[in-house]
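Here's the structure, in structure tokens; my notes come after.
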Amino acid sequence: MLVFGYYYLPLESTPHPAGKLGKVSKKGHTEVEVAKKSVLDFQKMKREGEKVVWLTCYDNPMAQLMEQVGIEMILVGDSMGMCVYGYSAGTLPVTMDQCIVHTEAVRRGAPGIFIMGDMPFLSYHTAPEDAVRNAGRFYKEAGVDSVKLEGGRRAVKMIRAIADSGMVVCGHIGLTPQSSGQFGGFKAQGRTAESAYELVLDARAVEEAGAAFLLLEAVPPEVGRFIAEELKIPVYGIGAGPYVDGQVLIVSDMLGIFQAFTPKFVKKYANLAQEMLKAFQDYQNDVKQSRFPDEKHCYRMIEGEHDKMMQLLS
Ligand code: KIV
């Protein structure tokens, strides 16, 4: 089932590939009908064994590109703490306001993609009321389709409160970066029978609390498979092996932009850092050697106006 929504895009925007281009409105905007996936589509995909393709995204131009290829889900992740803001404390300093600003920008770039807002540290831990208020901010201020929060059994009250308020929630268990200090760092989880057992209990609790999706991070494929097969809701993975219902990667990792470290589960589909370094270097050389700007980058004065200017100045 597809949900259709109307969005007003600037005239120069690329129309959504799955949408129909409508007539140009009087306001100089193009009305575009967009086919965006809903929770029902994601459930159907799970039933039919079709994998979901999910990426993180933090800005508008990148979101437009994802829309052009039909990426099915975007997480505006609190990984922005590392990928955009360069915080040495990782995701912990990220605020609701930062998340809202980035999510709004992504929403404008990808009106046809199912977008999830990532609830940052301390936006839901303090009380279910805070969780509902902050999840609601994502919906009201940034137009998300869902929110994600970290934690299994200990996040149950928050998940239930958000779901009971009519919002779509995704749980996140395994390596949960906001509490990675308790694991002694960014370490894979579920590698022993006991730890895998705890993860299964967490997964069941998240589903039971009313979550619509579950994200598993950095767990062995056997654990990913067991949980994906046991739960009725779609179970997606980042570093959770191939048997889950879909995959997410951090866009800065898969494009080869983020330099600080590369987790084992990342596949680099490009090395944009190299491309960018080359472009910066070439620009620097061109300016220093007066090769840029050249003729084609210059505005010309109107015929005869230069002589007049010189007369005025003489
Ligand atoms: O913030 C983030 O990018 C995440 C990833 C693990 C997907 O939560």
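By order of appearance in the structure tokens: chains A, B, ..., then residues from 1 within every chain, and ligands from 1 in the order shown.
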Dump as JSON lines the rows for residues of chain A within 9 Å of ligand 1: closest atom pair and distance in Å with one decimal, only C-alpha atoms and all ligand atoms counted, ordered by chain and rising residue number.
```
{"residue": "A:Trp54", "atom": "CA", "partner": "ligand 1", "partner_atom_place_in_ligand_line": "7 (C)", "distance": 8.9}
{"residue": "A:Leu55", "atom": "CA", "partner": "ligand 1", "partner_atom_place_in_ligand_line": "7 (C)", "distance": 7.5}
{"residue": "A:Thr56", "atom": "CA", "partner": "ligand 1", "partner_atom_place_in_ligand_line": "3 (O)", "distance": 5.7}
{"residue": "A:Cys57", "atom": "CA", "partner": "ligand 1", "partner_atom_place_in_ligand_line": "3 (O)", "distance": 8.3}
{"residue": "A:Leu75", "atom": "CA", "partner": "ligand 1", "partner_atom_place_in_ligand_line": "3 (O)", "distance": 6.7}
{"residue": "A:Val76", "atom": "CA", "partner": "ligand 1", "partner_atom_place_in_ligand_line": "3 (O)", "distance": 6.9}
{"residue": "A:Gly77", "atom": "CA", "partner": "ligand 1", "partner_atom_place_in_ligand_line": "1 (O)", "distance": 3.4}
{"residue": "A:Asp78", "atom": "CA", "partner": "ligand 1", "partner_atom_place_in_ligand_line": "1 (O)", "distance": 4.0}
{"residue": "A:Ser79", "atom": "CA", "partner": "ligand 1", "partner_atom_place_in_ligand_line": "1 (O)", "distance": 3.8}
{"residue": "A:Met80", "atom": "CA", "partner": "ligand 1", "partner_atom_place_in_ligand_line": "1 (O)", "distance": 6.9}
{"residue": "A:Gly81", "atom": "CA", "partner": "ligand 1", "partner_atom_place_in_ligand_line": "1 (O)", "distance": 8.4}
{"residue": "A:Cys83", "atom": "CA", "partner": "ligand 1", "partner_atom_place_in_ligand_line": "3 (O)", "distance": 9.0}
{"residue": "A:Thr91", "atom": "CA", "partner": "ligand 1", "partner_atom_place_in_ligand_line": "1 (O)", "distance": 7.5}
{"residue": "A:Asp118", "atom": "CA", "partner": "ligand 1", "partner_atom_place_in_ligand_line": "1 (O)", "distance": 6.5}
{"residue": "A:Met119", "atom": "CA", "partner": "ligand 1", "partner_atom_place_in_ligand_line": "1 (O)", "distance": 8.8}
{"residue": "A:Pro120", "atom": "CA", "partner": "ligand 1", "partner_atom_place_in_ligand_line": "1 (O)", "distance": 8.6}
{"residue": "A:Lys148", "atom": "CA", "partner": "ligand 1", "partner_atom_place_in_ligand_line": "8 (O)", "distance": 7.9}
{"residue": "A:Leu149", "atom": "CA", "partner": "ligand 1", "partner_atom_place_in_ligand_line": "8 (O)", "distance": 8.3}
{"residue": "A:Glu150", "atom": "CA", "partner": "ligand 1", "partner_atom_place_in_ligand_line": "8 (O)", "distance": 8.1}
{"residue": "A:His172", "atom": "CA", "partner": "ligand 1", "partner_atom_place_in_ligand_line": "8 (O)", "distance": 7.6}
{"residue": "A:Leu175", "atom": "CA", "partner": "ligand 1", "partner_atom_place_in_ligand_line": "6 (C)", "distance": 8.2}
{"residue": "A:Thr176", "atom": "CA", "partner": "ligand 1", "partner_atom_place_in_ligand_line": "6 (C)", "distance": 7.5}
{"residue": "A:Pro177", "atom": "CA", "partner": "ligand 1", "partner_atom_place_in_ligand_line": "6 (C)", "distance": 7.5}
{"residue": "A:Leu215", "atom": "CA", "partner": "ligand 1", "partner_atom_place_in_ligand_line": "7 (C)", "distance": 7.9}
{"residue": "A:Leu216", "atom": "CA", "partner": "ligand 1", "partner_atom_place_in_ligand_line": "6 (C)", "distance": 8.3}
{"residue": "A:Glu217", "atom": "CA", "partner": "ligand 1", "partner_atom_place_in_ligand_line": "6 (C)", "distance": 6.2}
{"residue": "A:Ala218", "atom": "CA", "partner": "ligand 1", "partner_atom_place_in_ligand_line": "6 (C)", "distance": 8.8}
{"residue": "A:Gly237", "atom": "CA", "partner": "ligand 1", "partner_atom_place_in_ligand_line": "7 (C)", "distance": 8.3}
{"residue": "A:Ile238", "atom": "CA", "partner": "ligand 1", "partner_atom_place_in_ligand_line": "6 (C)", "distance": 6.3}
{"residue": "A:Gly239", "atom": "CA", "partner": "ligand 1", "partner_atom_place_in_ligand_line": "6 (C)", "distance": 9.0}
{"residue": "A:Val248", "atom": "CA", "partner": "ligand 1", "partner_atom_place_in_ligand_line": "7 (C)", "distance": 6.1}
{"residue": "A:Leu249", "atom": "CA", "partner": "ligand 1", "partner_atom_place_in_ligand_line": "7 (C)", "distance": 6.2}
{"residue": "A:Ile250", "atom": "CA", "partner": "ligand 1", "partner_atom_place_in_ligand_line": "3 (O)", "distance": 5.6}
{"residue": "A:Val251", "atom": "CA", "partner": "ligand 1", "partner_atom_place_in_ligand_line": "3 (O)", "distance": 8.5}
```
task = Name all residues at most 9 Å from A:Asp164 (count only C-alpha atoms; drop same-chain ones fewer than 4 positions away) and give them as a PyMOL selection string.
result = chain A and resi 159-160+210
Take the residues from that selection and put them in a file with N, CA and C atoms, as a PDB file, in the first residue's frame.
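Output file again13.pdb follows:
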```
ATOM      1  N   ILE A 159       8.974   3.740  24.961  1.00  0.00           N
ATOM      2  CA  ILE A 159       8.454   3.249  23.668  1.00  0.00           C
ATOM      3  C   ILE A 159       6.922   3.196  23.730  1.00  0.00           C
ATOM      4  N   ARG A 160       6.413   2.651  24.851  1.00  0.00           N
ATOM      5  CA  ARG A 160       4.955   2.512  24.979  1.00  0.00           C
ATOM      6  C   ARG A 160       4.274   3.879  24.981  1.00  0.00           C
ATOM      7  N   GLY A 210       5.168  -1.978  21.683  1.00  0.00           N
ATOM      8  CA  GLY A 210       4.451  -1.271  20.621  1.00  0.00           C
ATOM      9  C   GLY A 210       5.342  -0.656  19.550  1.00  0.00           C
TER      10      GLY A 210
END
```
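Distances to A:Ala270 were evaluated for A:Phe186, A:Lys37, A:Tyr283, A:Gly256 using only C-alpha atoms, and the minimum falls at A:Gly256.
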Secondary structure check, alpha helix (DSSP H) residues of stretch 89-309 of chain A, as an MDAnalysis selection string = chainID A and resid 96:109 128:142 156:164 180:183 193:208 221:230 251:254 272:288 305:309
request  = May I ask which of the residues A:Val266, A:Cys170, A:Ala260, A:Ile162 is the closest one to A:Glu207, counting only C-alpha atoms?
outcome  = A:Cys170
inquiry  = Can you tell me, as an MDAnalysis selection string, which residues in stretch 67-248 of chain A count as strand (DSSP E) by DSSP?
reply    = chainID A and resid 73:76 114:118 146:150 169:174 213:217 235:238 246:248
Please identify all polymer residues within 10 Å of A:Glu198, counting only C-alpha atoms, omitting same-chain residues fewer than 4 positions from it, and present them as an mmCIF file with N, CA and C atoms, in the first residue's frame.
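Result went into selection02.cif, see below:
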```cif
data_model
loop_
_atom_site.group_PDB
_atom_site.id
_atom_site.type_symbol
_atom_site.label_atom_id
_atom_site.label_comp_id
_atom_site.auth_asym_id
_atom_site.auth_seq_id
_atom_site.Cartn_x
_atom_site.Cartn_y
_atom_site.Cartn_z
ATOM 1 N N GLY A 152 16.508 -1.586 25.247
ATOM 2 C CA GLY A 152 15.560 -2.689 25.200
ATOM 3 C C GLY A 152 14.582 -2.599 26.350
ATOM 4 N N ARG A 153 14.698 -3.520 27.312
ATOM 5 C CA ARG A 153 13.718 -3.540 28.415
ATOM 6 C C ARG A 153 13.693 -2.217 29.163
ATOM 7 N N GLY A 174 21.550 -3.820 20.972
ATOM 8 C CA GLY A 174 22.856 -4.314 20.538
ATOM 9 C C GLY A 174 23.878 -3.285 20.986
ATOM 10 N N GLN A 189 27.894 -6.758 20.486
ATOM 11 C CA GLN A 189 27.117 -7.365 21.572
ATOM 12 C C GLN A 189 26.584 -8.727 21.116
ATOM 13 N N GLY A 190 26.147 -9.534 22.090
ATOM 14 C CA GLY A 190 25.505 -10.819 21.766
ATOM 15 C C GLY A 190 26.474 -11.877 21.290
ATOM 16 N N THR A 192 28.223 -13.903 23.339
ATOM 17 C CA THR A 192 28.151 -15.087 24.201
ATOM 18 C C THR A 192 26.680 -15.486 24.296
ATOM 19 N N ALA A 193 26.446 -16.737 24.720
ATOM 20 C CA ALA A 193 25.064 -17.230 24.813
ATOM 21 C C ALA A 193 24.245 -16.333 25.741
ATOM 22 N N GLU A 194 24.866 -15.956 26.861
ATOM 23 C CA GLU A 194 24.131 -15.160 27.844
ATOM 24 C C GLU A 194 23.785 -13.772 27.304
ATOM 25 N N ASP A 202 15.394 -8.382 25.210
ATOM 26 C CA ASP A 202 15.211 -6.962 24.874
ATOM 27 C C ASP A 202 14.354 -6.802 23.615
ATOM 28 N N ALA A 203 14.654 -7.615 22.609
ATOM 29 C CA ALA A 203 13.921 -7.519 21.337
ATOM 30 C C ALA A 203 12.433 -7.801 21.562
#
```
Atom pair atom CA of A:Gly224 / atom CA of A:Gln259: separation (Å) =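 Calculated distance between atom CA of A:Gly224 and atom CA of A:Gln259 is 27.8 Å.
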inquiry  = What's the separation between atom CA of A:Val206 and atom CA of A:Met158, in Å to one decimal place?
reply    = 10.1 Å
For A:Phe226, find every residue with an atom within 10 Å (counting only C-alpha atoms), except residues of its own chain fewer than 2 positions away, and show them as a compact mmCIF listing (two decimals) with N, CA and C atoms, in the first residue's frame.
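around25.txt was written with the following content:
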```txt
# COMPACT_ATOMS: atom_id res chain seq x y z
N ALA A 196 23.56 -12.95 24.14
CA ALA A 196 22.58 -13.11 23.05
C ALA A 196 21.18 -13.31 23.64
N VAL A 200 17.73 -11.14 23.03
CA VAL A 200 16.43 -11.67 22.60
C VAL A 200 15.33 -11.15 23.54
N PRO A 221 25.52 -12.57 13.09
CA PRO A 221 24.44 -12.90 12.16
C PRO A 221 23.44 -13.91 12.73
N GLU A 222 23.94 -14.88 13.53
CA GLU A 222 23.01 -15.89 14.10
C GLU A 222 21.98 -15.22 14.99
N VAL A 223 22.45 -14.21 15.75
CA VAL A 223 21.54 -13.50 16.67
C VAL A 223 20.56 -12.65 15.84
N GLY A 224 21.09 -11.99 14.81
CA GLY A 224 20.24 -11.19 13.92
C GLY A 224 19.16 -12.05 13.30
N ALA A 228 15.17 -11.64 13.90
CA ALA A 228 14.35 -11.25 12.73
C ALA A 228 13.27 -12.29 12.46
N GLU A 229 13.61 -13.57 12.69
CA GLU A 229 12.61 -14.63 12.44
C GLU A 229 11.56 -14.68 13.54
N GLU A 230 11.96 -14.35 14.75
CA GLU A 230 11.02 -14.45 15.86
C GLU A 230 10.03 -13.27 15.90
N LEU A 231 10.52 -12.07 15.60
CA LEU A 231 9.65 -10.89 15.74
C LEU A 231 8.75 -10.73 14.51
N TYR A 243 20.80 -11.71 7.44
CA TYR A 243 19.48 -12.38 7.51
C TYR A 243 18.36 -11.50 8.03
N VAL A 244 18.68 -10.27 8.42
CA VAL A 244 17.64 -9.36 8.93
C VAL A 244 16.83 -8.80 7.76
```
